[in-house]
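**Student:** Okay, so here is input_2.tsv, and as you'll see once you scroll down, it has TSV, C-alpha atoms and all ligand atoms.
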```
chain	number	residue	atom	x	y	z
A	238	MET	CA	-28.66	-3.69	-26.67
A	239	PRO	CA	-26.98	-6.63	-24.93
A	240	GLU	CA	-23.85	-5.83	-22.95
A	241	LYS	CA	-20.55	-6.80	-24.63
A	242	LYS	CA	-18.73	-9.30	-22.42
A	243	LEU	CA	-14.98	-8.85	-21.88
A	244	PRO	CA	-12.99	-11.54	-23.71
A	245	ALA	CA	-10.82	-13.88	-21.63
A	246	GLY	CA	-7.03	-13.57	-21.29
A	247	LEU	CA	-6.78	-9.78	-21.19
A	248	HIS	CA	-3.54	-8.13	-20.08
A	249	LEU	CA	-3.09	-6.05	-16.94
A	250	GLU	CA	-3.11	-2.71	-18.78
A	251	THR	CA	-6.41	-3.62	-20.39
A	252	LEU	CA	-8.04	-4.82	-17.18
A	253	ALA	CA	-6.92	-1.62	-15.44
A	254	VAL	CA	-9.28	0.39	-17.67
A	255	ARG	CA	-11.95	-2.23	-18.43
A	256	ALA	CA	-12.61	-4.48	-15.41
A	257	ALA	CA	-15.84	-3.28	-13.76
A	258	VAL	CA	-19.42	-4.34	-13.13
A	259	ASP	CA	-21.85	-4.24	-16.07
A	260	LYS	CA	-22.90	-0.86	-17.42
A	261	SER	CA	-26.32	0.51	-16.56
A	262	GLN	CA	-29.08	0.63	-19.18
A	263	TYR	CA	-27.71	4.04	-20.29
A	264	GLY	CA	-24.44	2.59	-21.59
A	265	GLU	CA	-22.14	5.04	-19.79
A	266	ASN	CA	-18.56	4.68	-21.03
A	267	SER	CA	-17.05	5.94	-17.79
A	268	GLU	CA	-18.16	3.81	-14.84
A	269	ALA	CA	-21.17	5.25	-13.03
A	270	LEU	CA	-20.98	6.67	-9.52
A	271	TYR	CA	-23.87	5.17	-7.54
A	272	LEU	CA	-24.27	7.60	-4.66
A	273	THR	CA	-27.04	5.84	-2.82
A	274	SER	CA	-27.18	4.37	0.65
A	275	SER	CA	-29.79	1.73	-0.18
A	276	PHE	CA	-31.34	-0.08	-3.15
A	277	THR	CA	-35.05	-0.55	-3.71
A	278	GLN	CA	-36.30	-4.12	-4.09
A	279	PRO	CA	-38.82	-5.21	-6.75
A	280	ASP	CA	-40.93	-7.07	-4.19
A	281	SER	CA	-40.82	-8.59	-0.71
A	282	ALA	CA	-40.00	-12.11	-1.85
A	283	THR	CA	-36.97	-10.88	-3.84
A	284	ALA	CA	-35.88	-8.75	-0.90
A	285	ALA	CA	-36.09	-11.77	1.39
A	286	ARG	CA	-33.96	-13.87	-0.97
A	287	ARG	CA	-31.35	-11.10	-1.33
A	288	PHE	CA	-31.11	-10.49	2.40
A	289	ALA	CA	-30.68	-14.23	2.95
A	290	GLY	CA	-27.88	-14.32	0.37
A	291	GLU	CA	-29.82	-16.73	-1.87
A	292	GLU	CA	-29.95	-14.29	-4.77
A	293	GLU	CA	-27.48	-11.68	-5.94
A	294	GLY	CA	-28.62	-8.10	-5.75
A	295	TYR	CA	-27.69	-4.81	-4.18
A	296	ILE	CA	-29.18	-4.11	-0.77
A	297	TYR	CA	-27.37	-1.47	1.26
A	298	SER	CA	-24.08	0.37	0.64
A	299	ARG	CA	-22.48	-0.73	3.90
A	300	PHE	CA	-21.71	-4.01	2.15
A	301	THR	CA	-23.00	-3.87	-1.44
A	302	ASN	CA	-22.68	-1.03	-3.95
A	303	PRO	CA	-22.02	-1.28	-7.71
A	304	THR	CA	-19.35	1.45	-7.77
A	305	THR	CA	-17.49	-0.16	-4.88
A	306	ALA	CA	-17.93	-3.54	-6.59
A	307	SER	CA	-16.30	-2.16	-9.76
A	308	MET	CA	-13.34	-0.92	-7.74
A	309	GLU	CA	-13.03	-4.33	-6.04
A	310	LYS	CA	-13.26	-6.16	-9.36
A	311	ARG	CA	-10.61	-3.97	-10.98
A	312	LEU	CA	-8.18	-4.24	-8.06
A	313	ALA	CA	-8.61	-8.03	-7.88
A	314	ALA	CA	-7.91	-8.25	-11.62
A	315	LEU	CA	-4.73	-6.17	-11.23
A	316	GLU	CA	-3.48	-8.36	-8.38
A	317	GLY	CA	-4.26	-11.51	-10.35
A	318	MET	CA	-6.55	-12.69	-7.54
A	319	GLU	CA	-10.20	-13.72	-7.48
A	320	ASP	CA	-11.83	-11.09	-5.34
A	321	ALA	CA	-11.35	-7.97	-3.23
A	322	ILE	CA	-13.20	-6.15	-0.48
A	323	ALA	CA	-12.90	-2.38	-0.20
A	324	THR	CA	-12.52	-0.61	3.14
A	325	SER	CA	-12.61	2.99	4.39
A	326	SER	CA	-8.80	3.19	4.77
A	327	GLY	CA	-5.68	1.08	4.58
A	328	MET	CA	-5.75	0.70	8.36
A	329	SER	CA	-9.35	-0.49	8.33
A	330	ALA	CA	-8.32	-3.11	5.76
A	331	ILE	CA	-5.84	-4.44	8.33
A	332	LEU	CA	-8.53	-4.18	11.02
A	333	LEU	CA	-10.84	-6.27	8.81
A	334	LEU	CA	-8.02	-8.74	8.12
A	335	CYS	CA	-7.41	-9.30	11.83
A	336	MET	CA	-11.09	-9.39	12.80
A	337	GLY	CA	-11.80	-11.88	10.04
A	338	LEU	CA	-8.92	-14.27	10.71
A	339	LEU	CA	-8.04	-14.05	14.40
A	340	LYS	CA	-9.56	-14.80	17.78
A	341	ALA	CA	-8.26	-14.66	21.35
A	342	GLY	CA	-5.36	-17.06	21.79
A	343	ASP	CA	-4.19	-16.84	18.16
A	344	HIS	CA	-0.71	-15.64	17.28
A	345	VAL	CA	0.57	-13.31	14.54
A	346	VAL	CA	4.13	-12.95	13.26
A	347	CYS	CA	4.83	-9.53	11.78
A	348	SER	CA	7.86	-7.66	10.52
A	349	ARG	CA	9.23	-5.05	12.91
A	350	SER	CA	9.58	-2.62	9.99
A	351	VAL	CA	5.94	-2.39	8.85
A	352	PHE	CA	3.88	0.81	8.88
A	353	GLY	CA	3.81	2.22	12.44
A	354	SER	CA	0.02	2.11	12.84
A	355	THR	CA	0.06	-1.55	11.75
A	356	ILE	CA	2.40	-2.39	14.65
A	357	LYS	CA	0.10	-0.51	17.04
A	358	LEU	CA	-3.05	-2.17	15.68
A	359	ILE	CA	-1.73	-5.75	15.75
A	360	GLY	CA	0.49	-5.46	18.82
A	361	THR	CA	-1.46	-3.12	21.10
A	362	GLU	CA	-5.12	-3.04	20.02
A	363	PHE	CA	-5.52	-6.73	19.18
A	364	GLY	CA	-3.33	-7.54	22.18
A	365	LYS	CA	-6.20	-6.16	24.31
A	366	PHE	CA	-8.43	-8.90	22.92
A	367	GLY	CA	-5.94	-11.68	23.62
A	368	VAL	CA	-4.25	-11.93	20.22
A	369	GLU	CA	-0.53	-12.64	20.67
A	370	SER	CA	2.06	-11.16	18.35
A	371	SER	CA	5.79	-11.45	17.65
A	372	PHE	CA	7.70	-8.76	15.75
A	373	VAL	CA	10.69	-9.99	13.79
A	374	SER	CA	13.36	-8.82	11.37
A	375	GLN	CA	12.18	-7.72	7.93
A	376	ILE	CA	15.03	-9.48	6.17
A	377	ASP	CA	16.07	-12.43	8.38
A	378	VAL	CA	13.89	-15.37	7.30
A	379	GLY	CA	15.29	-17.43	10.18
A	380	GLU	CA	13.67	-15.08	12.71
A	381	TRP	CA	10.26	-15.59	11.09
A	382	LYS	CA	10.69	-19.34	11.21
A	383	ALA	CA	11.81	-19.28	14.85
A	384	ALA	CA	8.80	-17.15	15.84
A	385	ILE	CA	6.23	-19.70	14.62
A	386	LYS	CA	4.13	-21.29	17.40
A	387	PRO	CA	1.38	-23.93	17.32
A	388	ASN	CA	-1.21	-21.12	17.52
A	389	THR	CA	0.28	-18.98	14.71
A	390	LYS	CA	-2.51	-18.13	12.26
A	391	LEU	CA	-1.14	-15.19	10.31
A	392	LEU	CA	2.16	-13.83	8.98
A	393	PHE	CA	2.07	-10.15	8.05
A	394	ALA	CA	4.70	-8.55	5.80
A	395	GLU	CA	5.14	-5.27	3.96
A	396	THR	CA	7.70	-4.94	1.17
A	397	PRO	CA	9.53	-2.76	0.45
A	398	THR	CA	9.28	-0.92	3.77
A	399	ASN	CA	8.94	2.73	4.56
A	400	PRO	CA	11.26	4.67	4.58
A	401	LEU	CA	14.38	2.48	4.22
A	402	ALA	CA	13.08	0.15	1.46
A	403	ASP	CA	14.07	-3.14	3.12
A	404	VAL	CA	12.77	-6.01	1.02
A	405	CYS	CA	11.47	-9.31	2.38
A	406	ASP	CA	11.42	-12.60	0.50
A	407	ILE	CA	7.71	-13.20	-0.11
A	408	ARG	CA	8.20	-16.77	-1.37
A	409	ALA	CA	10.20	-17.78	1.72
A	410	LEU	CA	7.60	-16.26	4.07
A	411	ALA	CA	4.74	-17.96	2.19
A	412	ASP	CA	6.45	-21.32	2.63
A	413	ILE	CA	6.92	-20.73	6.37
A	414	ALA	CA	3.28	-19.69	6.73
A	415	HIS	CA	1.91	-22.65	4.78
A	416	ASN	CA	4.08	-25.18	6.59
A	417	ALA	CA	2.62	-23.83	9.83
A	418	GLY	CA	-0.97	-23.95	8.52
A	419	ALA	CA	-1.09	-20.14	8.62
A	420	LEU	CA	-1.81	-17.49	5.98
A	421	LEU	CA	0.56	-14.85	4.60
A	422	ALA	CA	-0.77	-11.32	4.14
A	423	VAL	CA	1.38	-8.79	2.25
A	424	ASP	CA	0.90	-5.03	2.37
A	425	ASN	CA	1.55	-4.08	-1.26
A	426	CYS	CA	1.20	-0.30	-0.88
A	427	PHE	CA	4.66	0.69	-2.00
A	428	CYS	CA	4.82	-1.25	-5.26
A	429	SER	CA	1.13	-1.59	-6.13
A	430	PRO	CA	0.11	-4.47	-8.43
A	431	ALA	CA	1.65	-2.60	-11.36
A	432	LEU	CA	5.11	-3.60	-10.07
A	433	GLN	CA	4.52	-6.48	-7.66
A	434	GLN	CA	1.86	-9.17	-7.44
A	435	PRO	CA	2.49	-10.97	-4.11
A	436	VAL	CA	0.15	-13.83	-5.11
A	437	LYS	CA	2.76	-14.92	-7.69
A	438	PHE	CA	5.12	-15.62	-4.80
A	439	GLY	CA	2.56	-17.47	-2.71
A	440	ALA	CA	0.88	-14.72	-0.64
A	441	ASP	CA	-2.70	-15.53	0.36
A	442	ILE	CA	-3.99	-12.02	0.98
A	443	VAL	CA	-2.86	-8.64	-0.33
A	444	VAL	CA	-3.47	-5.53	1.76
A	445	HIS	CA	-3.81	-2.08	0.22
A	446	SER	CA	-4.01	1.50	1.26
A	447	GLY	CA	-5.88	2.91	-1.74
A	448	THR	CA	-4.83	6.31	-0.41
A	449	LYS	CA	-1.41	5.82	-1.98
A	450	TYR	CA	-0.69	4.76	-5.57
A	451	LEU	CA	-4.11	3.27	-6.42
A	452	ASP	CA	-5.76	6.69	-6.22
A	453	GLY	CA	-2.39	8.17	-7.07
A	454	GLN	CA	-3.40	11.80	-6.85
A	455	GLY	CA	-3.72	12.30	-3.11
A	456	ARG	CA	-7.49	12.80	-3.12
A	457	VAL	CA	-9.07	10.16	-0.90
A	458	VAL	CA	-8.40	7.76	1.97
A	459	ALA	CA	-9.27	4.18	1.01
A	460	GLY	CA	-8.19	0.57	1.48
A	461	ALA	CA	-8.86	-3.01	0.44
A	462	LEU	CA	-8.08	-6.67	1.02
A	463	VAL	CA	-7.54	-8.87	-2.03
A	464	GLY	CA	-7.77	-12.66	-1.89
A	465	GLY	CA	-9.57	-15.82	-2.89
A	466	GLU	CA	-13.34	-15.65	-3.44
A	467	GLN	CA	-14.09	-18.20	-0.72
A	468	LEU	CA	-11.85	-16.53	1.86
A	469	ILE	CA	-13.46	-13.15	1.24
A	470	ALA	CA	-16.98	-14.56	1.29
A	471	ASP	CA	-16.43	-16.65	4.44
A	472	LYS	CA	-14.11	-14.50	6.54
A	473	PHE	CA	-14.40	-10.86	5.51
A	474	ILE	CA	-17.87	-10.09	4.10
A	475	PRO	CA	-19.64	-11.17	7.32
A	476	VAL	CA	-17.36	-8.86	9.37
A	477	MET	CA	-17.90	-6.00	6.92
A	478	ARG	CA	-21.66	-6.50	7.18
A	479	SER	CA	-21.55	-6.38	10.99
A	480	ALA	CA	-18.72	-3.91	11.60
A	481	GLY	CA	-19.10	-1.55	8.62
A	482	MET	CA	-15.59	-0.28	7.84
A	483	SER	CA	-17.04	0.40	4.37
A	484	LEU	CA	-15.51	2.53	1.62
A	485	SER	CA	-17.83	5.30	0.46
A	486	PRO	CA	-18.97	4.85	-3.16
A	487	PHE	CA	-17.54	8.26	-4.01
A	488	ASN	CA	-14.08	7.35	-2.75
A	489	ALA	CA	-14.37	3.95	-4.45
A	490	TRP	CA	-15.08	5.75	-7.73
A	491	VAL	CA	-12.03	8.01	-7.32
A	492	VAL	CA	-9.80	4.97	-6.73
A	493	LEU	CA	-11.47	3.09	-9.60
A	494	LYS	CA	-10.60	5.90	-12.00
A	495	GLY	CA	-7.14	6.28	-10.45
A	496	MET	CA	-6.33	2.64	-11.24
A	497	GLU	CA	-6.81	3.35	-14.96
A	498	THR	CA	-3.47	5.19	-15.00
A	499	LEU	CA	-1.70	3.12	-12.32
A	500	GLY	CA	0.61	1.30	-14.75
A	501	ILE	CA	1.91	4.35	-16.57
A	502	ARG	CA	2.22	6.35	-13.37
A	503	MET	CA	4.23	3.64	-11.58
A	504	GLU	CA	6.46	3.26	-14.61
A	505	ALA	CA	7.10	6.98	-14.97
A	506	GLN	CA	7.48	7.65	-11.23
A	507	SER	CA	9.83	4.65	-10.78
A	508	GLN	CA	11.94	5.86	-13.70
A	509	ARG	CA	12.28	9.33	-12.18
A	510	ALA	CA	13.00	7.82	-8.75
A	511	LEU	CA	15.82	5.67	-10.17
A	512	GLU	CA	17.39	8.65	-11.93
A	513	LEU	CA	17.08	10.75	-8.80
A	514	ALA	CA	18.53	7.98	-6.59
A	515	LYS	CA	21.58	7.59	-8.89
A	516	TRP	CA	22.11	11.32	-8.93
A	517	LEU	CA	21.80	11.61	-5.13
A	518	GLU	CA	24.28	8.75	-4.69
A	519	GLY	CA	26.88	10.85	-6.51
A	520	HIS	CA	26.23	14.03	-4.54
A	521	PRO	CA	29.04	14.99	-2.10
A	522	LYS	CA	26.63	15.99	0.70
A	523	ILE	CA	24.85	12.63	0.68
A	524	GLU	CA	26.09	9.84	2.92
A	525	ARG	CA	23.83	7.02	1.76
A	526	VAL	CA	20.83	6.44	-0.52
A	527	TYR	CA	18.17	3.79	0.18
A	528	TYR	CA	16.50	2.65	-3.03
A	529	PRO	CA	15.91	-0.96	-4.20
A	530	GLY	CA	16.63	-0.02	-7.83
A	531	LEU	CA	20.25	0.84	-7.00
A	532	LYS	CA	22.92	-1.86	-7.28
A	533	SER	CA	24.17	-0.70	-3.86
A	534	HIS	CA	20.90	-1.79	-2.21
A	535	PRO	CA	21.67	-4.93	-0.13
A	536	GLN	CA	18.65	-6.78	-1.57
A	537	HIS	CA	18.77	-5.33	-5.06
A	538	GLU	CA	18.45	-8.70	-6.80
A	539	LEU	CA	15.55	-9.95	-4.69
A	540	ALA	CA	13.78	-6.61	-5.16
A	541	MET	CA	14.24	-6.70	-8.93
A	542	ALA	CA	12.88	-10.27	-9.07
A	543	GLN	CA	9.80	-9.45	-6.99
A	544	GLN	CA	9.14	-5.96	-8.34
A	545	SER	CA	9.20	-6.43	-12.12
A	546	GLY	CA	12.69	-4.93	-12.28
A	547	ARG	CA	11.53	-1.63	-10.78
A	548	GLY	CA	12.49	0.12	-7.56
A	549	GLY	CA	9.23	1.95	-6.95
A	550	ALA	CA	8.93	5.68	-6.39
A	551	VAL	CA	10.21	6.24	-2.85
A	552	VAL	CA	13.84	7.29	-2.36
A	553	SER	CA	15.36	7.96	1.06
A	554	PHE	CA	18.80	9.33	1.89
A	555	ASP	CA	21.06	10.23	4.80
A	556	ILE	CA	22.57	13.68	4.59
A	557	LYS	CA	26.15	14.08	5.80
A	558	ALA	CA	26.38	15.78	9.17
A	559	ALA	CA	29.46	16.84	11.09
A	560	ASP	CA	27.94	15.80	14.44
A	561	ALA	CA	24.64	14.78	16.08
A	562	ASP	CA	23.59	18.42	16.41
A	563	HIS	CA	23.78	18.90	12.68
A	564	ALA	CA	21.89	15.74	11.75
A	565	ARG	CA	18.37	17.11	12.20
A	566	LYS	CA	19.45	20.66	11.34
A	567	ASN	CA	20.81	19.59	7.95
A	568	ALA	CA	17.76	17.46	7.15
A	569	PHE	CA	15.41	20.32	8.07
A	570	HIS	CA	17.50	22.69	5.96
A	571	VAL	CA	17.12	20.52	2.84
A	572	VAL	CA	13.37	20.06	3.45
A	573	ASP	CA	12.76	23.73	4.19
A	574	SER	CA	14.83	25.01	1.27
A	575	THR	CA	12.54	23.34	-1.28
A	576	GLN	CA	10.20	25.65	-3.16
A	577	LEU	CA	8.41	23.02	-5.24
A	578	LEU	CA	8.16	19.76	-3.27
A	579	SER	CA	5.24	19.22	-0.88
A	580	VAL	CA	6.24	19.03	2.78
A	581	THR	CA	3.82	16.37	4.07
A	582	ALA	CA	4.01	12.78	5.27
A	583	ASN	CA	1.82	11.15	2.59
A	584	LEU	CA	3.15	9.30	-0.46
A	585	GLY	CA	1.84	7.86	-3.69
A	586	ASP	CA	0.90	11.23	-5.16
A	587	VAL	CA	1.86	12.63	-8.57
A	588	LYS	CA	3.12	15.66	-6.64
A	589	THR	CA	6.56	14.88	-5.21
A	590	ILE	CA	6.57	14.83	-1.42
A	591	ILE	CA	9.51	15.41	0.93
A	592	THR	CA	9.42	14.15	4.52
A	593	HIS	CA	11.63	14.07	7.60
A	594	PRO	CA	10.61	10.63	8.98
A	595	ALA	CA	12.24	10.97	12.42
A	596	SER	CA	10.03	13.94	13.36
A	597	THR	CA	6.82	12.99	11.52
A	598	SER	CA	5.87	9.43	10.50
A	599	HIS	CA	8.24	7.96	13.12
A	600	GLY	CA	7.99	10.84	15.60
A	601	ARG	CA	6.07	8.77	18.18
A	602	LEU	CA	8.97	6.32	18.60
A	603	THR	CA	11.71	6.88	21.17
A	604	GLU	CA	15.14	7.83	19.77
A	605	GLN	CA	16.32	4.32	20.71
A	606	GLN	CA	13.45	2.65	18.80
A	607	ARG	CA	14.16	4.90	15.83
A	608	LEU	CA	17.84	4.01	15.83
A	609	ALA	CA	16.98	0.30	16.06
A	610	ALA	CA	14.83	0.81	12.96
A	611	GLY	CA	17.71	2.61	11.21
A	612	ILE	CA	15.85	5.93	11.07
A	613	ARG	CA	18.29	8.66	11.97
A	614	GLN	CA	17.78	12.42	12.30
A	615	ASN	CA	19.67	13.07	9.05
A	616	LEU	CA	17.29	10.87	6.99
A	617	VAL	CA	15.06	12.48	4.35
A	618	ARG	CA	12.43	10.66	2.29
A	619	VAL	CA	11.28	11.72	-1.15
A	620	ALA	CA	8.16	10.14	-2.66
A	621	VAL	CA	8.74	10.94	-6.32
A	622	GLY	CA	5.83	12.20	-8.43
A	623	LEU	CA	5.52	13.22	-12.05
A	624	GLU	CA	7.30	16.58	-12.20
A	625	HIS	CA	10.28	16.94	-14.56
A	626	LEU	CA	13.40	15.34	-13.11
A	627	GLU	CA	15.51	18.47	-13.58
A	628	ASP	CA	13.03	20.53	-11.55
A	629	LEU	CA	13.18	17.96	-8.74
A	630	LYS	CA	16.99	17.99	-8.72
A	631	ALA	CA	17.08	21.80	-8.74
A	632	ASP	CA	14.68	21.90	-5.79
A	633	LEU	CA	16.81	19.50	-3.72
A	634	LEU	CA	19.98	21.38	-4.66
A	635	ARG	CA	18.62	24.58	-3.08
A	636	GLY	CA	19.25	22.96	0.31
A	637	LEU	CA	22.09	20.56	-0.50
A	638	ASP	CA	24.26	23.30	-2.02
A	639	THR	CA	23.76	25.67	0.92
A	640	LEU	CA	24.54	23.25	3.76
A	641	ASN	CA	27.39	24.43	5.92
B	701	LIG	C1	-0.42	4.54	4.39
B	701	LIG	C2	-0.16	3.13	4.65
B	701	LIG	C3	-1.06	2.34	5.36
B	701	LIG	C4	-2.33	2.88	5.96
B	701	LIG	O1	-3.20	3.35	4.99
B	701	LIG	P1	-4.30	4.48	5.25
B	701	LIG	O2	-5.07	4.52	3.99
B	701	LIG	O3	-3.57	5.75	5.55
B	701	LIG	O4	-5.12	4.02	6.42
B	701	LIG	C5	-0.76	1.00	5.54
B	701	LIG	N1	0.38	0.48	5.06
B	701	LIG	C6	1.28	1.21	4.37
B	701	LIG	C7	2.52	0.57	3.85
B	701	LIG	C8	1.05	2.56	4.15
B	701	LIG	O5	1.95	3.29	3.48
```
Translate this file's structure into structure tokens.
Ligand SMILES: *Cc1c(COP(=O)(O)O)cnc(C)c1O
**Tutor:**
Amino acid sequence: MPEKKLPAGLHLETLAVRAAVDKSQYGENSEALYLTSSFTQPDSATAARRFAGEEEGYIYSRFTNPTTASMEKRLAALEGMEDAIATSSGMSAILLLCMGLLKAGDHVVCSRSVFGSTIKLIGTEFGKFGVESSFVSQIDVGEWKAAIKPNTKLLFAETPTNPLADVCDIRALADIAHNAGALLAVDNCFCSPALQQPVKFGADIVVHSGTKYLDGQGRVVAGALVGGEQLIADKFIPVMRSAGMSLSPFNAWVVLKGMETLGIRMEAQSQRALELAKWLEGHPKIERVYYPGLKSHPQHELAMAQQSGRGGAVVSFDIKAADADHARKNAFHVVDSTQLLSVTANLGDVKTIITHPASTSHGRLTEQQRLAAGIRQNLVRVAVGLEHLEDLKADLLRGLDTLN
């Protein structure tokens, strides 16, 4: 029976469950998991053509696998971009990005507030190979502009940031990049394409940690770059083929199935996060809440315009403390008094996670670096999942109500 072709003009929700490579001859309704390292070739001449890239066909799972291809196709569709390339983790997506686009003597401009390992990878590791980098303010567009040099090839942004939810203006950064003949890459982990499609604001490449909301259930580590077909074919596939930061087909399949529920999860988790943020803002033991969905957020309007009117699912807050001694003590008390929330540093799970950033995700920074980044000892981050809101509030109250 001939395969039904997907009609044109489908909506995001539809593509999230339908975009994939063609079914096998068995007509499986759920996408197949092709756990195979290599693919047999019908004959030597065909093999030669496929290895030379003259004919399409699967060869070896380091760079071609149908399950991984389905995940790439689905993610590209969700981001509204042409193509994607899956990687073994979010960090290896950024490794692939830098290996594909940069050489010794090139310069990168990056926000100072991006994921800690991203700063280390771009600043320290690529610095070893002669790539220059400048780290600038997340929110001051003027600093980005001033950092541009003749050798600037890449601008790297992440919005909103972890854990304080600072939002950068993607359109303004895209204009700066393009005027300089550089590309803009945006790490879209926190919103996912369900809330934010950076390409709509001029981004050239979208970076993902599939570990977070794309999988959405805390099962696998995965990553991807999303971009134009030509860019991926010319810059990233050759590096993937030689360097092999490949996503395993099994993990690709988990993320592929995770994306089917991305839209409803992001909607439901954002809704709970907004309710929780409003409630926390009114609590007498809370000094300040950081959440883009709140009117009190300094970039509320920009965030709402970029993020489909949603704040995302991560809420952070400073707990009141009488003095410096009590800052960490109070935060630990609230974290340790929970009986339901998961105490771990991940996010993007349907299980709500509570974290003390200053001693975990940002524990490797000096106190001075942490303060410069606005991360104080009394800060607590909650990555909101799918539990009932009243149960989440009750769990946080166990600690908040017993602070002394
Ligand atoms: C987690 C994360 C990464 C790294 O992803 P891994 O899959 O853990 O390698 C990169 N950027 C952001 C914003 C993240 O939250």
**Student:** For ligand LIG 701 (chain B), list the contacting residues at 8 Å or closer, counting all atoms listed in the file, as a list in words.
**Tutor:**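 My answer, listing the contacting residues, is Ser325, Ser326, Gly327, Met328, Ser329, Ala330, Ile331, Val351, Phe352, Ser354, Thr355, Glu395, Thr398, Asn399, Asp424, Asn425, Cys426, Phe427, Val444, His445, Ser446, Gly447, Thr448, Lys449, Val458, Ala459, Gly460, Asn583 and Leu584 of chain A.
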**Student:** Would you save the residues from that selection as a short mmCIF file (atom, residue, chain, number, x, y, z; two decimals), in the coordinates of the input, using C-alpha atoms?
**Tutor:**
```
data_model
loop_
_atom_site.label_atom_id
_atom_site.label_comp_id
_atom_site.auth_asym_id
_atom_site.auth_seq_id
_atom_site.Cartn_x
_atom_site.Cartn_y
_atom_site.Cartn_z
CA SER A 325 -12.61 2.99 4.39
CA SER A 326 -8.80 3.19 4.77
CA GLY A 327 -5.68 1.08 4.58
CA MET A 328 -5.75 0.70 8.36
CA SER A 329 -9.35 -0.49 8.33
CA ALA A 330 -8.32 -3.11 5.76
CA ILE A 331 -5.84 -4.44 8.33
CA VAL A 351 5.94 -2.39 8.85
CA PHE A 352 3.88 0.81 8.88
CA SER A 354 0.02 2.11 12.84
CA THR A 355 0.06 -1.55 11.75
CA GLU A 395 5.14 -5.27 3.96
CA THR A 398 9.28 -0.92 3.77
CA ASN A 399 8.94 2.73 4.56
CA ASP A 424 0.90 -5.03 2.37
CA ASN A 425 1.55 -4.08 -1.26
CA CYS A 426 1.20 -0.30 -0.88
CA PHE A 427 4.66 0.69 -2.00
CA VAL A 444 -3.47 -5.53 1.76
CA HIS A 445 -3.81 -2.08 0.22
CA SER A 446 -4.01 1.50 1.26
CA GLY A 447 -5.88 2.91 -1.74
CA THR A 448 -4.83 6.31 -0.41
CA LYS A 449 -1.41 5.82 -1.98
CA VAL A 458 -8.40 7.76 1.97
CA ALA A 459 -9.27 4.18 1.01
CA GLY A 460 -8.19 0.57 1.48
CA ASN A 583 1.82 11.15 2.59
CA LEU A 584 3.15 9.30 -0.46
#
```
**Student:** Need to verify the contact set: A:Ala422, 7 Å, only C-alpha atoms, exclusion of same-chain residues closer than 5 positions in sequence. Can you return it as JSON, numbers by chain?
**Tutor:** {"A": [392, 393, 394, 440, 441, 442, 443, 444]}
**Student:** Neighbours of A:His570 within 10 Å (only C-alpha atoms; same-chain residues fewer than 4 positions away dropped), as an MDAnalysis selection string?
**Tutor:** chainID A and resid 563 565:566 574:575 635:637 639:640
**Student:** What is the atom CA of A:Ile523 to atom CA of A:Arg601 distance in Å?
**Tutor:** 26.0 Å
**Student:** What's the 7 Å shell around stretch 246-254 of chain A, counting only C-alpha atoms, without same-chain residues fewer than 5 positions away, as an NGL selection string?
**Tutor:** :A and (311 or 314-315 or 496-497 or 500)
**Student:** Could you work out how far atom CA of A:Thr361 lies from atom CA of A:Gly342, giving the answer in Å with one decimal?
**Tutor:**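 If I compute the distance from atom CA of A:Gly342 to atom CA of A:Thr361, I get 14.5 Å.
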**Student:** For A:Ala384, which residue among A:Lys310, A:His344, A:Arg255, A:Lys515 is the nearest when counting all atoms listed in the file?
**Tutor:**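 Counting all atoms listed in the file, the residue closest to A:Ala384 is A:His344.
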**Student:** For a quick check of understanding, using all atoms listed in the file, which of A:Ala431, A:Leu539, A:Ile556, A:Ala489 has the smallest distance to A:Arg456?
**Tutor:**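 Of the candidates, the smallest distance to A:Arg456 is held by A:Ala489.
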**Student:** Kindly indicate which residue among A:Leu462, A:Leu270, A:Ala417, A:Leu578 lies nearest to A:Lys382, using only C-alpha atoms for the distances.
**Tutor:**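 When distances to A:Lys382 are compared using only C-alpha atoms, the smallest one comes from A:Ala417.
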**Student:** Taking 3 positions as the minimum chain separation for residues in the same chain, which residues sit within 6 Å of stretch 368-377 of chain A when counting all atoms listed in the file? Answer as a ChimeraX atom specification.
**Tutor:** /A:341-349,360,363-364,380,405
**Student:** Taking all atoms of stretch 500-510 of chain A that the file lists and extending 8 Å past them on each side, where is the centre of the axis-aligned box and how long are its edges? Answer in Å to one decimal, as JSON.
**Tutor:**
```
{"center_x": 6.8, "center_y": 5.3, "center_z": -12.7, "size_x": 28.4, "size_y": 24.0, "size_z": 23.8}
```
